[in-house]
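Structure file data_16.csv; described as CSV, C-alpha atoms and all ligand atoms.
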```csv
chain,number,residue,atom,x,y,z
A,290,MET,CA,108.6,114.8,-5.5
A,291,ASP,CA,107.0,112.0,-7.5
A,292,PRO,CA,105.3,109.2,-5.5
A,293,ILE,CA,107.3,106.0,-5.4
A,294,VAL,CA,105.9,102.5,-5.9
A,295,LEU,CA,107.6,99.2,-5.5
A,296,ILE,CA,106.1,96.4,-7.6
A,297,THR,CA,107.4,92.9,-6.8
A,298,GLY,CA,107.7,90.7,-9.8
A,299,GLY,CA,107.5,93.8,-12.1
A,300,GLY,CA,109.6,92.4,-14.9
A,301,ARG,CA,107.0,90.3,-16.6
A,302,GLY,CA,103.2,89.7,-16.9
A,303,ILE,CA,100.8,91.7,-14.7
A,304,GLY,CA,103.7,93.3,-12.8
A,305,ALA,CA,105.3,94.7,-15.9
A,306,ALA,CA,102.0,96.1,-17.2
A,307,THR,CA,101.5,97.7,-13.8
A,308,ALA,CA,105.0,99.2,-13.8
A,309,LEU,CA,104.5,100.8,-17.2
A,310,LEU,CA,101.1,102.2,-16.3
A,311,ALA,CA,102.1,103.5,-12.9
A,312,ALA,CA,105.1,105.3,-14.5
A,313,ARG,CA,102.8,106.9,-17.0
A,314,ARG,CA,100.6,108.1,-14.1
A,315,GLY,CA,103.6,109.8,-12.5
A,316,PHE,CA,105.1,107.2,-10.2
A,317,ALA,CA,108.8,106.6,-9.9
A,318,VAL,CA,108.9,102.8,-10.1
A,319,ALA,CA,111.0,100.2,-8.4
A,320,LEU,CA,110.4,96.7,-9.8
A,321,SER,CA,111.8,93.5,-8.5
A,322,TYR,CA,112.6,90.2,-10.2
A,323,VAL,CA,114.0,86.9,-9.0
A,324,SER,CA,115.9,85.5,-12.0
A,325,ASN,CA,114.9,87.2,-15.3
A,326,ALA,CA,117.1,90.4,-15.2
A,327,GLN,CA,116.7,90.9,-18.9
A,328,ALA,CA,112.9,91.3,-18.8
A,329,ALA,CA,113.1,93.6,-15.8
A,330,GLN,CA,115.8,95.8,-17.5
A,331,GLU,CA,113.6,96.0,-20.6
A,332,VAL,CA,110.7,97.4,-18.5
A,333,VAL,CA,113.1,99.9,-17.0
A,334,ARG,CA,114.3,100.9,-20.5
A,335,ARG,CA,110.7,101.4,-21.7
A,336,ILE,CA,109.8,103.6,-18.7
A,337,GLU,CA,113.0,105.7,-19.1
A,338,ALA,CA,112.3,106.0,-22.8
A,339,GLU,CA,109.0,107.6,-21.9
A,340,GLY,CA,110.7,110.0,-19.5
A,341,GLY,CA,109.9,108.1,-16.3
A,342,ARG,CA,112.2,107.0,-13.4
A,343,ALA,CA,112.6,103.3,-12.8
A,344,LEU,CA,114.9,100.9,-10.9
A,345,ALA,CA,115.1,97.1,-11.2
A,346,VAL,CA,116.2,95.2,-8.1
A,347,GLN,CA,116.9,91.4,-7.8
A,348,ALA,CA,115.3,89.8,-4.7
A,349,ASP,CA,113.5,86.6,-3.9
A,350,VAL,CA,110.5,87.7,-1.9
A,351,GLY,CA,110.7,84.4,-0.1
A,352,ASN,CA,114.1,85.3,1.4
A,353,GLU,CA,113.9,87.9,4.2
A,354,ALA,CA,117.5,89.1,3.9
A,355,GLN,CA,117.0,89.8,0.2
A,356,VAL,CA,113.7,91.6,0.8
A,357,LEU,CA,115.4,93.8,3.5
A,358,ALA,CA,118.2,94.6,1.0
A,359,MET,CA,115.6,95.4,-1.7
A,360,PHE,CA,113.8,97.9,0.5
A,361,ARG,CA,117.1,99.5,1.5
A,362,GLU,CA,118.1,99.9,-2.1
A,363,VAL,CA,114.7,101.6,-2.9
A,364,ASP,CA,115.2,103.9,0.1
A,365,ASP,CA,118.7,104.9,-1.1
A,366,LYS,CA,118.1,105.2,-4.8
A,367,LEU,CA,114.5,106.5,-5.1
A,368,GLY,CA,113.4,107.7,-1.7
A,369,ARG,CA,110.6,107.0,0.8
A,370,LEU,CA,108.1,104.6,-0.4
A,371,SER,CA,104.5,105.7,-1.2
A,372,ALA,CA,103.1,102.4,-2.5
A,373,LEU,CA,103.7,98.7,-2.7
A,374,VAL,CA,102.2,96.2,-5.1
A,375,ASN,CA,102.6,92.7,-3.7
A,376,ASN,CA,102.5,91.0,-7.1
A,377,ALA,CA,105.3,88.4,-7.2
A,378,GLY,CA,103.7,84.9,-7.0
A,379,VAL,CA,104.2,81.4,-8.2
A,380,VAL,CA,102.0,78.4,-9.2
A,381,ASP,CA,103.2,74.8,-9.4
A,382,VAL,CA,102.4,71.8,-11.7
A,383,GLN,CA,98.9,70.3,-11.7
A,384,ALA,CA,98.4,67.9,-8.8
A,385,ARG,CA,95.8,66.6,-6.4
A,386,LEU,CA,96.3,67.3,-2.7
A,387,ASP,CA,97.0,63.6,-2.1
A,388,GLU,CA,100.1,64.0,-4.3
A,389,MET,CA,101.6,67.1,-2.8
A,390,SER,CA,105.0,67.1,-1.0
A,391,VAL,CA,105.8,69.2,2.0
A,392,ALA,CA,108.6,70.8,-0.1
A,393,ARG,CA,106.0,72.0,-2.6
A,394,LEU,CA,103.6,73.3,0.1
A,395,GLU,CA,106.4,75.2,1.9
A,396,ARG,CA,107.7,76.9,-1.3
A,397,MET,CA,104.1,77.9,-2.2
A,398,MET,CA,103.5,79.4,1.2
A,399,ARG,CA,106.9,80.9,1.5
A,400,VAL,CA,106.8,82.9,-1.8
A,401,ASN,CA,103.1,83.7,-2.0
A,402,VAL,CA,102.2,84.2,1.6
A,403,VAL,CA,105.3,84.9,3.7
A,404,GLY,CA,106.8,87.0,0.8
A,405,SER,CA,103.7,89.2,0.7
A,406,PHE,CA,103.6,89.5,4.5
A,407,VAL,CA,107.2,90.5,4.8
A,408,CYS,CA,107.0,93.1,1.9
A,409,ALA,CA,103.9,94.5,3.5
A,410,ARG,CA,105.6,94.7,6.9
A,411,GLU,CA,108.6,96.6,5.4
A,412,ALA,CA,106.2,99.0,3.5
A,413,VAL,CA,104.2,99.7,6.7
A,414,ARG,CA,107.4,100.5,8.6
A,415,ARG,CA,108.1,103.2,6.0
A,416,MET,CA,104.6,104.5,5.2
A,417,SER,CA,102.7,104.4,8.5
A,418,THR,CA,102.3,107.7,10.4
A,419,ARG,CA,102.9,105.7,13.5
A,420,HIS,CA,106.5,105.3,12.2
A,421,GLY,CA,106.9,108.9,11.0
A,422,GLY,CA,105.8,108.1,7.5
A,423,ALA,CA,103.4,110.1,5.3
A,424,GLY,CA,100.9,107.3,4.6
A,425,GLY,CA,100.6,105.2,1.4
A,426,VAL,CA,98.8,102.4,-0.4
A,427,ILE,CA,99.3,98.6,-0.6
A,428,VAL,CA,97.7,96.5,-3.3
A,429,ASN,CA,97.9,92.7,-2.9
A,430,LEU,CA,97.5,90.3,-5.9
A,431,SER,CA,95.1,87.5,-4.9
A,432,SER,CA,93.3,85.3,-7.4
A,433,ALA,CA,89.9,84.1,-8.4
A,434,ALA,CA,91.4,80.7,-7.2
A,435,ALA,CA,90.9,81.9,-3.6
A,436,ARG,CA,87.1,81.7,-4.2
A,437,LEU,CA,87.1,78.7,-6.6
A,438,GLY,CA,89.6,76.4,-4.7
A,439,SER,CA,91.3,75.1,-7.8
A,440,PRO,CA,90.4,71.4,-7.3
A,441,ASP,CA,92.6,68.8,-9.3
A,442,GLN,CA,94.9,71.7,-10.2
A,443,TYR,CA,96.5,73.5,-7.3
A,444,ILE,CA,94.6,73.8,-4.0
A,445,ASP,CA,97.8,75.0,-2.4
A,446,TYR,CA,98.0,78.0,-4.7
A,447,ALA,CA,94.3,78.8,-4.1
A,448,ALA,CA,94.8,78.6,-0.4
A,449,SER,CA,97.8,80.8,-0.5
A,450,LYS,CA,95.6,83.4,-2.2
A,451,GLY,CA,92.9,82.9,0.4
A,452,ALA,CA,95.6,84.0,2.9
A,453,ILE,CA,96.2,87.1,0.8
A,454,ASP,CA,92.5,88.0,0.9
A,455,THR,CA,92.7,87.8,4.7
A,456,LEU,CA,95.9,89.8,4.8
A,457,THR,CA,94.1,92.5,2.9
A,458,ILE,CA,91.1,92.6,5.3
A,459,GLY,CA,93.1,92.5,8.5
A,460,LEU,CA,96.0,94.8,7.5
A,461,ALA,CA,93.5,97.4,6.1
A,462,LYS,CA,91.8,97.6,9.5
A,463,GLU,CA,95.2,97.6,11.4
A,464,VAL,CA,96.6,100.6,9.5
A,465,ALA,CA,93.5,102.5,8.5
A,466,GLU,CA,94.2,105.3,11.0
A,467,GLU,CA,97.8,105.5,10.0
A,468,GLY,CA,97.3,106.8,6.5
A,469,ILE,CA,97.6,103.5,4.7
A,470,ARG,CA,95.0,102.0,2.4
A,471,VAL,CA,95.3,98.2,1.7
A,472,ASN,CA,93.3,96.5,-1.1
A,473,GLY,CA,93.4,93.4,-3.2
A,474,VAL,CA,92.8,92.5,-6.8
A,475,ARG,CA,91.6,89.0,-7.8
A,476,PRO,CA,92.5,88.3,-11.4
A,477,GLY,CA,90.7,85.5,-13.3
A,478,LEU,CA,92.3,83.8,-16.3
A,479,ILE,CA,95.0,86.2,-17.6
A,480,ASP,CA,97.2,85.8,-20.6
A,481,THR,CA,100.7,85.7,-19.0
A,482,GLU,CA,103.6,83.2,-18.7
A,483,ILE,CA,102.5,82.0,-15.3
A,484,HIS,CA,100.5,79.2,-16.8
A,485,ALA,CA,103.6,77.9,-18.7
A,486,SER,CA,105.5,77.9,-15.4
A,487,GLY,CA,102.9,75.5,-14.1
A,488,GLY,CA,103.4,73.2,-17.1
A,489,MET,CA,100.1,74.4,-18.8
A,490,PRO,CA,101.0,77.1,-21.3
A,491,GLN,CA,97.5,77.0,-22.9
A,492,ARG,CA,95.7,76.8,-19.6
A,493,ALA,CA,94.0,80.2,-19.7
A,494,PHE,CA,92.8,79.8,-23.3
A,495,GLU,CA,91.6,76.2,-22.7
A,496,LEU,CA,89.5,77.4,-19.8
A,497,ALA,CA,88.2,80.5,-21.5
A,498,HIS,CA,84.8,78.8,-22.1
A,499,THR,CA,84.3,78.7,-18.3
A,500,VAL,CA,84.4,82.5,-18.1
A,501,PRO,CA,81.0,84.2,-18.4
A,502,MET,CA,82.6,86.8,-20.8
A,503,LYS,CA,84.0,83.8,-22.8
A,504,ARG,CA,87.6,85.2,-23.1
A,505,VAL,CA,90.8,85.5,-21.1
A,506,GLY,CA,91.9,88.8,-19.7
A,507,SER,CA,95.0,90.8,-20.4
A,508,ALA,CA,97.7,91.9,-18.0
A,509,GLN,CA,96.7,95.5,-19.0
A,510,GLU,CA,93.2,94.9,-17.7
A,511,ILE,CA,94.6,93.9,-14.3
A,512,ALA,CA,97.1,96.8,-14.2
A,513,ASN,CA,94.2,99.2,-14.8
A,514,ALA,CA,92.5,98.1,-11.6
A,515,ILE,CA,95.7,98.1,-9.6
A,516,VAL,CA,96.7,101.6,-10.7
A,517,TRP,CA,93.2,102.8,-9.9
A,518,LEU,CA,93.5,101.4,-6.4
A,519,LEU,CA,96.9,103.2,-6.1
A,520,SER,CA,95.4,106.5,-7.1
A,521,PRO,CA,93.6,109.2,-5.1
A,522,GLU,CA,90.5,108.3,-7.0
A,523,ALA,CA,90.3,105.3,-4.7
A,524,SER,CA,90.8,107.5,-1.6
A,525,TYR,CA,87.8,105.9,0.4
A,526,VAL,CA,88.5,102.3,-0.7
A,527,THR,CA,90.3,100.1,1.9
A,528,GLY,CA,90.0,96.4,2.8
A,529,ALA,CA,88.4,95.7,-0.6
A,530,SER,CA,89.3,93.0,-3.0
A,531,ILE,CA,88.2,93.6,-6.6
A,532,ASP,CA,87.4,90.7,-8.9
A,533,VAL,CA,88.8,91.3,-12.4
A,534,SER,CA,87.8,88.0,-13.9
A,535,GLY,CA,85.2,88.5,-16.7
A,536,GLY,CA,82.6,87.3,-14.2
A,537,ARG,CA,84.3,84.0,-13.3
B,1,LIG,P1,104.3,85.8,-14.3
B,1,LIG,O1,104.0,86.2,-15.6
B,1,LIG,O2,104.7,84.4,-14.0
B,1,LIG,O3,105.3,86.8,-13.6
B,1,LIG,C1,105.7,86.5,-12.3
B,1,LIG,C2,106.6,87.6,-11.8
B,1,LIG,O4,106.9,87.4,-10.4
B,1,LIG,C3,107.9,87.6,-12.5
B,1,LIG,O5,108.4,88.9,-12.7
B,1,LIG,C4,108.9,86.8,-11.6
B,1,LIG,O6,110.2,87.2,-11.7
B,1,LIG,C5,108.3,87.2,-10.3
B,1,LIG,N1,108.6,86.2,-9.2
B,1,LIG,C6,108.3,84.9,-9.2
B,1,LIG,N2,108.8,84.3,-8.1
B,1,LIG,C7,109.4,85.3,-7.4
B,1,LIG,C8,110.1,85.4,-6.1
B,1,LIG,N3,110.3,84.3,-5.4
B,1,LIG,N4,110.6,86.5,-5.7
B,1,LIG,C9,110.5,87.7,-6.5
B,1,LIG,N5,109.8,87.7,-7.7
B,1,LIG,C10,109.3,86.5,-8.1
B,1,LIG,O7,103.0,86.0,-13.3
B,1,LIG,P2,101.6,86.9,-13.6
B,1,LIG,O8,100.6,86.0,-14.3
B,1,LIG,O9,102.0,88.2,-14.0
B,1,LIG,O10,101.1,86.9,-12.0
B,1,LIG,C11,101.3,88.0,-11.2
B,1,LIG,C12,100.5,87.8,-9.9
B,1,LIG,O11,99.1,87.7,-10.3
B,1,LIG,C13,100.8,86.6,-9.1
B,1,LIG,O12,100.7,86.9,-7.8
B,1,LIG,C14,99.7,85.6,-9.6
B,1,LIG,O13,99.5,84.6,-8.6
B,1,LIG,C15,98.5,86.5,-9.8
B,1,LIG,N6,97.5,86.0,-10.7
B,1,LIG,C16,97.8,85.7,-12.0
B,1,LIG,C17,96.8,85.1,-12.8
B,1,LIG,C18,97.0,84.8,-14.2
B,1,LIG,O14,96.1,84.2,-14.8
B,1,LIG,N7,98.0,85.2,-14.9
B,1,LIG,C19,95.5,84.9,-12.2
B,1,LIG,C20,95.3,85.2,-10.9
B,1,LIG,C21,96.3,85.7,-10.1
B,1,LIG,P3,111.2,86.8,-12.9
B,1,LIG,O15,110.7,87.6,-14.1
B,1,LIG,O16,112.6,87.1,-12.4
B,1,LIG,O17,111.0,85.3,-13.1
```

Would you mind writing the structure in this file as structure tokens?
Amino acid sequence: MDPIVLITGGGRGIGAATALLAARRGFAVALSYVSNAQAAQEVVRRIEAEGGRALAVQADVGNEAQVLAMFREVDDKLGRLSALVNNAGVVDVQARLDEMSVARLERMMRVNVVGSFVCAREAVRRMSTRHGGAGGVIVNLSSAAARLGSPDQYIDYAASKGAIDTLTIGLAKEVAEEGIRVNGVRPGLIDTEIHASGGMPQRAFELAHTVPMKRVGSAQEIANAIVWLLSPEASYVTGASIDVSGGR
């Protein structure tokens, strides 16, 4: 039986690159999307064309009922989960803290923090030996922003990723004896559509000069780290967050 991975936000960007690579490494892949069904179905089509198994599921990670329905659909259609990639995440438009509304802050924390916590909770309920599971792996997408703070841009986003780093540390210790490894990846400036969604389509390229390696990274370079953490090659790695940021 192939291992089964659920990748939230697997229709585009880093999630899509991770879905394609995980399928090539033998995972049956469930990938979620919130609104772009076409992009998610295209990833499914590409995986199936290469002989893999894939399923696209619509669910807002910030909505508990939709997350519960998503996990049930994966249980029913693919089987018992072996791995979760907590990848879905949002940014917002550039703003100083003294300009931020509570509505903005609540959306940021609901999607990036509560969404990742609830997905991790559902994964632990399925994978932990304490719950009769066979163990598994969780990879959380943080950001170099958690270290840099993103002043004048989006401190709220940076703080949401700081919470993800703490989730990785604490959950890794909580479930270490229950067969589950929990790790994080902190991407730097990566060429995806997330920057356009924050109103700055050229952001990564404009800031490339601040990267010691003087270039942006690709979604593929992040996927390589995520899929390594998912693999048995990382069998003694837990509670770690890997910077994949060109030295930034
Ligand atoms: P992206 O290209 O904007 O793709 C985001 C994906 O997440 C899309 O598939 C989107 O679904 C999904 N998504 C967004 N909100 C969602 C929600 N509420 N519920 C479920 N899915 C949702 O982003 P990316 O650049 O690949 O980023 C992936 C992760 O890496 C994020 O956690 C991000 O914070 C982190 N990261 C990215 C960078 C970077 O430079 N790109 C740097 C550091 C960290 P739809 O396709 O349906 O819209």

* If we count only C-alpha atoms, what is near Phe406 of chain A at a cut-off of 8 Å, once residues fewer than 4 positions away on the same chain are taken out, given as a PyMOL selection string? -> chain A and resi 402+410+456

* For segment 363-380 of chain A: contacts at 8 Å, only C-alpha atoms, fewer than 3 positions along chain excluded, given as a PyMOL selection string -> chain A and resi 292-299+303-304+317+319+350+359-360+397+400-401+405+408-409+412+415-416+423-430+443+446+483-484+486-487+519

Listed atoms of segment 360-371 of chain A boxed along x, y and z, 4 Å each side, centre and edge lengths in Å, one decimal, as lines of an AutoDock Vina configuration file:
```
center_x = 111.6
center_y = 102.8
center_z = -1.8
size_x = 22.2
size_y = 17.8
size_z = 14.6
```

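Distances here use only C-alpha atoms and all ligand atoms; by that measure, the residue among A:Asp480, A:Asp441, A:Glu362, A:Glu395 closest to ligand LIG 1 (chain B) is A:Asp480.
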
* To do: Would you work out the distance separating atom CA of Ala514 of chain A from atom CA of Val323 of chain A, expressed in Å to one decimal?
  =>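 Atom-to-atom, atom CA of Ala514 of chain A to atom CA of Val323 of chain A, that is 24.4 Å.
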
* Coordinates-based distance that separates atom CA of Ile469 of chain A from atom C11 of ligand LIG 1 (chain B) (Å, one decimal) ->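 Pair atom C11 of ligand LIG 1 (chain B) / atom CA of Ile469 of chain A returns 22.5 Å.
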
* To do: Between atom CA of Gly488 of chain A and atom CA of Val382 of chain A, measure the distance and give it in Å to one decimal.
  =>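 Rounded to one decimal, the two atoms are 5.7 Å apart.
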
* Asked: Which residue out of A:Ser524, A:Ser390, A:Ser431, A:Asn472 has the minimum interatomic distance to ligand LIG 1 (chain B) when only C-alpha atoms and all ligand atoms are used?
  ->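 Of the candidates, the smallest distance to ligand LIG 1 (chain B) is held by A:Ser431.
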
* Selected residue, from A:Ala434, A:Met398, A:Ala311, A:Ala452, that lies nearest to Asp532 of chain A when counting all atoms listed in the file -> A:Ala434

Non-local contacts of Gly438 of chain A (12 Å; only C-alpha atoms; under 2 positions in same chain excluded) as a PDB file with C-alpha atoms, in the coordinates of the input:
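Written file, selection.pdb:
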```pdb
ATOM      1  CA  ARG A 385      95.800  66.600  -6.400  1.00  0.00           C
ATOM      2  CA  LEU A 386      96.300  67.300  -2.700  1.00  0.00           C
ATOM      3  CA  SER A 432      93.300  85.300  -7.400  1.00  0.00           C
ATOM      4  CA  ALA A 433      89.900  84.100  -8.400  1.00  0.00           C
ATOM      5  CA  ALA A 434      91.400  80.700  -7.200  1.00  0.00           C
ATOM      6  CA  ALA A 435      90.900  81.900  -3.600  1.00  0.00           C
ATOM      7  CA  ARG A 436      87.100  81.700  -4.200  1.00  0.00           C
ATOM      8  CA  PRO A 440      90.400  71.400  -7.300  1.00  0.00           C
ATOM      9  CA  ASP A 441      92.600  68.800  -9.300  1.00  0.00           C
ATOM     10  CA  GLN A 442      94.900  71.700 -10.200  1.00  0.00           C
ATOM     11  CA  TYR A 443      96.500  73.500  -7.300  1.00  0.00           C
ATOM     12  CA  ILE A 444      94.600  73.800  -4.000  1.00  0.00           C
ATOM     13  CA  ASP A 445      97.800  75.000  -2.400  1.00  0.00           C
ATOM     14  CA  TYR A 446      98.000  78.000  -4.700  1.00  0.00           C
ATOM     15  CA  ALA A 447      94.300  78.800  -4.100  1.00  0.00           C
ATOM     16  CA  ALA A 448      94.800  78.600  -0.400  1.00  0.00           C
ATOM     17  CA  SER A 449      97.800  80.800  -0.500  1.00  0.00           C
ATOM     18  CA  LYS A 450      95.600  83.400  -2.200  1.00  0.00           C
ATOM     19  CA  GLY A 451      92.900  82.900   0.400  1.00  0.00           C
TER      20      GLY A 451
END
```

* Structure fact -> One residue among A:Thr481, A:Thr457, A:Thr307, A:Gln330 is nearest to ligand LIG 1 (chain B) when using all atoms listed in the file, and that residue is A:Thr481

* Using only C-alpha atoms, find the one residue out of A:Met389, A:Ala523, A:Ala328, A:Ile531 that sits nearest to Ile511 of chain A. => A:Ile531

* Which residue gives the smallest distance to ligand LIG 1 (chain B) among A:Leu478, A:Met290, A:Ile336, A:Leu357, with all atoms listed in the file counted? ->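 Closest to ligand LIG 1 (chain B), using all atoms listed in the file: A:Leu478.
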
* **Within 8 Å of Glu467 of chain A using all atoms listed in the file, minus same-chain residues under 5 positions, as a list in words** =>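 Result of the neighbour search: Ser417, Thr418, Arg419 and Gly424 of chain A.
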